[in-house]
Amino acid sequence: MLAGPFGVSSTVSLLRRLGRNVVVVPLAQDLAGVGAAVRTVAAAVGAEAKGEAMVADFERRLSRLPPPDGARPTAVIYQIGGAVSGLGSLADAALAAAGFRNMSSVYRLRRGGQVPLESLVARPPDLLVLASHIDEYRTVVADNLRHPALARLRQHTASLELPWRHWLCGTPHVADAIERLAEARARLEAQAQ
Amino acid sequence: MMAASGTGGVKPLHLIAVLAVATLAAFILSLSIGPAGLGIGASGEARSLIFMEIRLPRAILGALIGAALGLSGAALQGYLRNPLAEPTLVGVSGGAALGAVLAIHLGLLQVFALALPLGGLAGAAVAMLLVVVLAGVRGGPVTLILAGLAVSSIATALISLALNLSQNPFAAVEMVFWVMGSLADRSLTQVWLSAPLMLVGIGLLLTVGRALDALTLGEDAAAGLGTDLARTRLMVIAGTALAVGAATAVTGIIGFVGLIVPHALRPFAQHRPSLLLPASMLGGAIMLLVADVALRLMQPWAELRIGVLTALIGAPFFVWLVIRTRAELAP
């Protein structure tokens, strides 16, 4: 039985008292954490070799990325309700690995939070990363993604849609996201020249 | 109602003129303040985007929603002859939010965009009728608040249930949106959706002033003066449902504006509902615009919720009103 690290500790101890084998998988907050999570799960299901292969493949993909050289362009991961991924998150690590500087601190945020659309328009990043498709959630809290000002901003700011479900959790799929971010950086650099 | 106070010397036209000028000033203030400041860099494009697409809709919604809430508070207090009546406290805002949530999560919004404000309108109307049936038009202040509390509780519980059943990963965020309203990042889309319905509601409510004046003498006297009580009731219920329903559908519940504003202005309006109605409409717009500006000045880099601020100001005021009302009702 697999469990996450947060909010279910009493359930975990209850299950363990009932004699169940419960493995708590650490939540990856950086790229090294992804390998640790894979190894934990692989050990729990007795597929250590497969786990090691997966981690090796993940690390090989990361090592093939172009080195983050010189001027690092800025990026913002803009989400539903104006939320932005802050420093120290896995998303922040993904941006760094792809050679971007997370612009959240420019908006006076430390560990993430909400950015008014006006701040985003006044000081746009080099790359705007949208973590959901604009029509994915029809609810009012996603109205910021459908805001006409955001649509106009995207006409002259590079943007990339990277749906959360592919990379929110610390799985090797984060490599897909990083590769797409690195491609976007390469395009930005080509445009600049 | 109460004895005329010392401020009764203000001429009606002067009062309205002063409030209108203040509304205009608050509107301009709201347009000029934001996280990006006044001088928005060199880019004319970003500047026009910020003014036209971000600040203008925010200022329009602040003015219209404040007007809708202030006016319906005054109309409800006048019609129910109850100092504690207010859209949020009588459950109308909660019903409106529930209607909007249902319009979204039953998929009506995908069919036509107007489903959102119409859902809010329907929810507000049902809540209003429920409260009137539960408390009765002649019910005392306490009965009305209890009925409003019951309707509000049911509405909040049903909103929560609908959001939980919708399997929406942002259910908790959305719950906060509906319970504590916000003007953040609203666009002209929401203005077009809600403004026409709000304006019709405001128009209907402004027509009942004379009837409410007559009602201050009691129902029998008002009927004797030729007041059409059934028509007045219809206008108040329909006007409140339209104004509050459309407002809540685009910003969530913003409480207590309809309570504070009429009470603050009543002495200046010589306790005459026909003057208090337009005064509260302007006063509500001023209060919401100023509160929204204050929020942006206090913490310009993050969006505080305006519903939080109005509740922080309004709830202590409500407690004070309850104490005062209790003293007046005491034998």
# chains A, B, ... in the order shown; residues from 1 in each chain; ligands from 1
$ closest_atom_pairs --of "chain B" --to "chain A" --cutoff "9 Å" --atoms "only C-alpha atoms" --output "tab-separated table"
residue	atom	partner	partner_atom	distance
B:Gly34	CA	A:Glu118	CA	7.4
B:Pro35	CA	A:Ser119	CA	6.0
B:Ala36	CA	A:Ser119	CA	5.6
B:Ile40	CA	A:Ala122	CA	6.6
B:Gly41	CA	A:Ala122	CA	7.6
B:Ser43	CA	A:Ala122	CA	8.8
B:Ala46	CA	A:Ala122	CA	6.1
B:Arg47	CA	A:Ala122	CA	7.6
B:Leu49	CA	A:Ala149	CA	6.2
B:Ile50	CA	A:Glu118	CA	6.1
B:Met52	CA	A:Ala149	CA	9.0
B:Glu53	CA	A:Ala149	CA	5.8
B:Ile54	CA	A:Glu118	CA	6.7
B:Arg55	CA	A:Glu118	CA	8.4
B:Val101	CA	A:Thr139	CA	8.5
B:Ile104	CA	A:Thr139	CA	6.5
B:His105	CA	A:Thr139	CA	8.0
B:Gly107	CA	A:Arg138	CA	8.9
B:Leu109	CA	A:Arg138	CA	8.0
B:Gln110	CA	A:Arg138	CA	7.9
B:Asn168	CA	A:Tyr137	CA	8.2
B:Phe170	CA	A:Val141	CA	8.0
B:Val173	CA	A:Val141	CA	7.3
B:Glu174	CA	A:Val141	CA	6.0
B:Phe177	CA	A:Val141	CA	7.2
B:Ala184	CA	A:Pro116	CA	7.3
B:Asp185	CA	A:Asn144	CA	6.0
B:Arg186	CA	A:Asn144	CA	7.4
B:Ser187	CA	A:His147	CA	6.1
B:Leu188	CA	A:Pro148	CA	8.2
B:Thr189	CA	A:His147	CA	8.2
B:Val250	CA	A:Val140	CA	7.9
B:Thr251	CA	A:Val140	CA	8.8
B:Pro300	CA	A:Pro116	CA	8.7
B:Trp301	CA	A:Tyr107	CA	6.5
B:Ala302	CA	A:Val115	CA	5.9
B:Glu303	CA	A:Pro116	CA	6.4
$ write_last_selection --atoms "C-alpha atoms" --output "PDB file, in the first residue's frame"
ATOM      1  CA  GLY B  34      -3.065  49.312  -9.024  1.00  0.00           C
ATOM      2  CA  PRO B  35      -0.034  47.116  -8.449  1.00  0.00           C
ATOM      3  CA  ALA B  36       1.661  48.527 -11.539  1.00  0.00           C
ATOM      4  CA  ILE B  40       3.213  52.031 -16.269  1.00  0.00           C
ATOM      5  CA  GLY B  41       6.525  52.061 -18.070  1.00  0.00           C
ATOM      6  CA  SER B  43       5.009  50.601 -23.394  1.00  0.00           C
ATOM      7  CA  ALA B  46       0.741  47.519 -21.710  1.00  0.00           C
ATOM      8  CA  ARG B  47      -0.646  50.789 -20.373  1.00  0.00           C
ATOM      9  CA  LEU B  49      -4.206  46.975 -21.669  1.00  0.00           C
ATOM     10  CA  ILE B  50      -4.026  47.673 -17.932  1.00  0.00           C
ATOM     11  CA  MET B  52      -8.991  49.231 -20.506  1.00  0.00           C
ATOM     12  CA  GLU B  53      -9.011  45.523 -19.779  1.00  0.00           C
ATOM     13  CA  ILE B  54      -8.054  45.302 -16.100  1.00  0.00           C
ATOM     14  CA  ARG B  55      -8.762  48.527 -14.180  1.00  0.00           C
ATOM     15  CA  VAL B 101     -22.555  27.471  -8.822  1.00  0.00           C
ATOM     16  CA  ILE B 104     -21.626  26.247 -13.781  1.00  0.00           C
ATOM     17  CA  HIS B 105     -21.595  22.688 -12.501  1.00  0.00           C
ATOM     18  CA  GLY B 107     -23.101  22.478 -17.461  1.00  0.00           C
ATOM     19  CA  LEU B 109     -22.615  27.691 -18.720  1.00  0.00           C
ATOM     20  CA  GLN B 110     -21.264  25.708 -21.671  1.00  0.00           C
ATOM     21  CA  ASN B 168     -13.038  19.686  -9.388  1.00  0.00           C
ATOM     22  CA  PHE B 170      -9.986  23.476  -7.199  1.00  0.00           C
ATOM     23  CA  VAL B 173     -10.384  27.567  -3.895  1.00  0.00           C
ATOM     24  CA  GLU B 174     -13.778  27.981  -5.505  1.00  0.00           C
ATOM     25  CA  PHE B 177     -14.310  32.598  -4.059  1.00  0.00           C
ATOM     26  CA  ALA B 184      -9.616  40.630  -8.683  1.00  0.00           C
ATOM     27  CA  ASP B 185      -8.868  39.962 -12.351  1.00  0.00           C
ATOM     28  CA  ARG B 186     -12.458  40.451 -13.503  1.00  0.00           C
ATOM     29  CA  SER B 187     -12.792  41.434 -17.162  1.00  0.00           C
ATOM     30  CA  LEU B 188     -15.197  43.300 -19.434  1.00  0.00           C
ATOM     31  CA  THR B 189     -16.742  39.893 -20.177  1.00  0.00           C
ATOM     32  CA  VAL B 250     -19.608  37.481 -11.098  1.00  0.00           C
ATOM     33  CA  THR B 251     -17.798  38.324  -7.835  1.00  0.00           C
ATOM     34  CA  PRO B 300      -0.443  46.001  -3.813  1.00  0.00           C
ATOM     35  CA  TRP B 301       1.500  42.880  -4.758  1.00  0.00           C
ATOM     36  CA  ALA B 302      -1.138  40.376  -3.698  1.00  0.00           C
ATOM     37  CA  GLU B 303      -4.869  40.178  -4.028  1.00  0.00           C
TER      38      GLU B 303
END
$ residues_around --residues "range 94-105 of chain A" --least-positions-apart "2" --cutoff "7 Å" --atoms "only C-alpha atoms" --output "VMD selection string"
chain A and resid 68 72 to 76 84 86 90 to 92 107 to 110 112 125 178 181 to 182
$ atom_distance --atom1 "CA of Gly66 in chain B" --atom2 "CA of Val257 in chain B"
7.1 Å
$ atom_distance --atom1 "CA of Gln190 in chain B" --atom2 "CA of Arg296 in chain B"
20.4 Å
$ closest_residue --among "B:Ala246, B:Ile33, B:Leu15, B:Val10" --to "Leu282 in chain B" --atoms "only C-alpha atoms"
B:Leu15
$ select_by_dssp --residues "range 65-140 of chain B" --states "helix (DSSP H, G or I)" --output "MDAnalysis selection string"
chainID B and resid 65:80 92:105 108:111 115:135
$ write_last_selection --atoms "C-alpha atoms" --output "compact mmCIF listing (two decimals), in the first residue's frame"
# COMPACT_ATOMS: atom_id res chain seq x y z
CA ILE B 65 -22.07 46.06 -7.41
CA GLY B 66 -21.65 48.55 -4.58
CA ALA B 67 -24.69 50.46 -5.91
CA ALA B 68 -26.71 47.24 -6.18
CA LEU B 69 -25.83 46.14 -2.63
CA GLY B 70 -26.34 49.55 -1.00
CA LEU B 71 -29.66 50.13 -2.76
CA SER B 72 -31.06 46.68 -2.05
CA GLY B 73 -30.06 47.03 1.59
CA ALA B 74 -32.00 50.30 1.81
CA ALA B 75 -34.98 48.85 -0.06
CA LEU B 76 -35.11 45.72 2.11
CA GLN B 77 -34.84 47.75 5.31
CA GLY B 78 -37.60 50.06 4.12
CA TYR B 79 -39.92 47.39 2.81
CA LEU B 80 -39.49 44.95 5.71
CA VAL B 92 -30.25 36.48 -0.86
CA SER B 93 -26.51 36.61 -1.61
CA GLY B 94 -26.07 32.99 -0.53
CA GLY B 95 -28.94 31.92 -2.78
CA ALA B 96 -27.41 33.87 -5.66
CA ALA B 97 -24.05 32.18 -5.20
CA LEU B 98 -25.73 28.77 -5.10
CA GLY B 99 -27.62 29.56 -8.31
CA ALA B 100 -24.39 30.58 -10.05
CA VAL B 101 -22.56 27.47 -8.82
CA LEU B 102 -25.36 25.25 -10.10
CA ALA B 103 -25.34 27.04 -13.46
CA ILE B 104 -21.63 26.25 -13.78
CA HIS B 105 -21.59 22.69 -12.50
CA LEU B 108 -25.53 25.29 -18.35
CA LEU B 109 -22.62 27.69 -18.72
CA GLN B 110 -21.26 25.71 -21.67
CA VAL B 111 -24.59 26.17 -23.44
CA ALA B 115 -26.58 31.15 -17.58
CA LEU B 116 -24.22 32.48 -14.91
CA PRO B 117 -26.02 35.74 -14.02
CA LEU B 118 -29.42 34.13 -14.67
CA GLY B 119 -28.51 31.32 -12.28
CA GLY B 120 -27.56 33.93 -9.69
CA LEU B 121 -30.83 35.75 -10.31
CA ALA B 122 -32.89 32.57 -9.93
CA GLY B 123 -31.05 31.58 -6.75
CA ALA B 124 -31.50 35.05 -5.27
CA ALA B 125 -35.23 35.08 -6.10
CA VAL B 126 -35.81 31.65 -4.52
CA ALA B 127 -33.88 32.65 -1.38
CA MET B 128 -35.81 35.92 -1.12
CA LEU B 129 -39.17 34.18 -1.46
CA LEU B 130 -38.15 31.51 1.06
CA VAL B 131 -37.18 34.14 3.63
CA VAL B 132 -40.38 36.11 3.11
CA VAL B 133 -42.44 32.93 3.50
CA LEU B 134 -40.43 31.75 6.53
CA ALA B 135 -40.34 35.06 8.40
$ atom_distance --atom1 "CA of Arg231 in chain B" --atom2 "CA of Asn82 in chain B"
19.4 Å
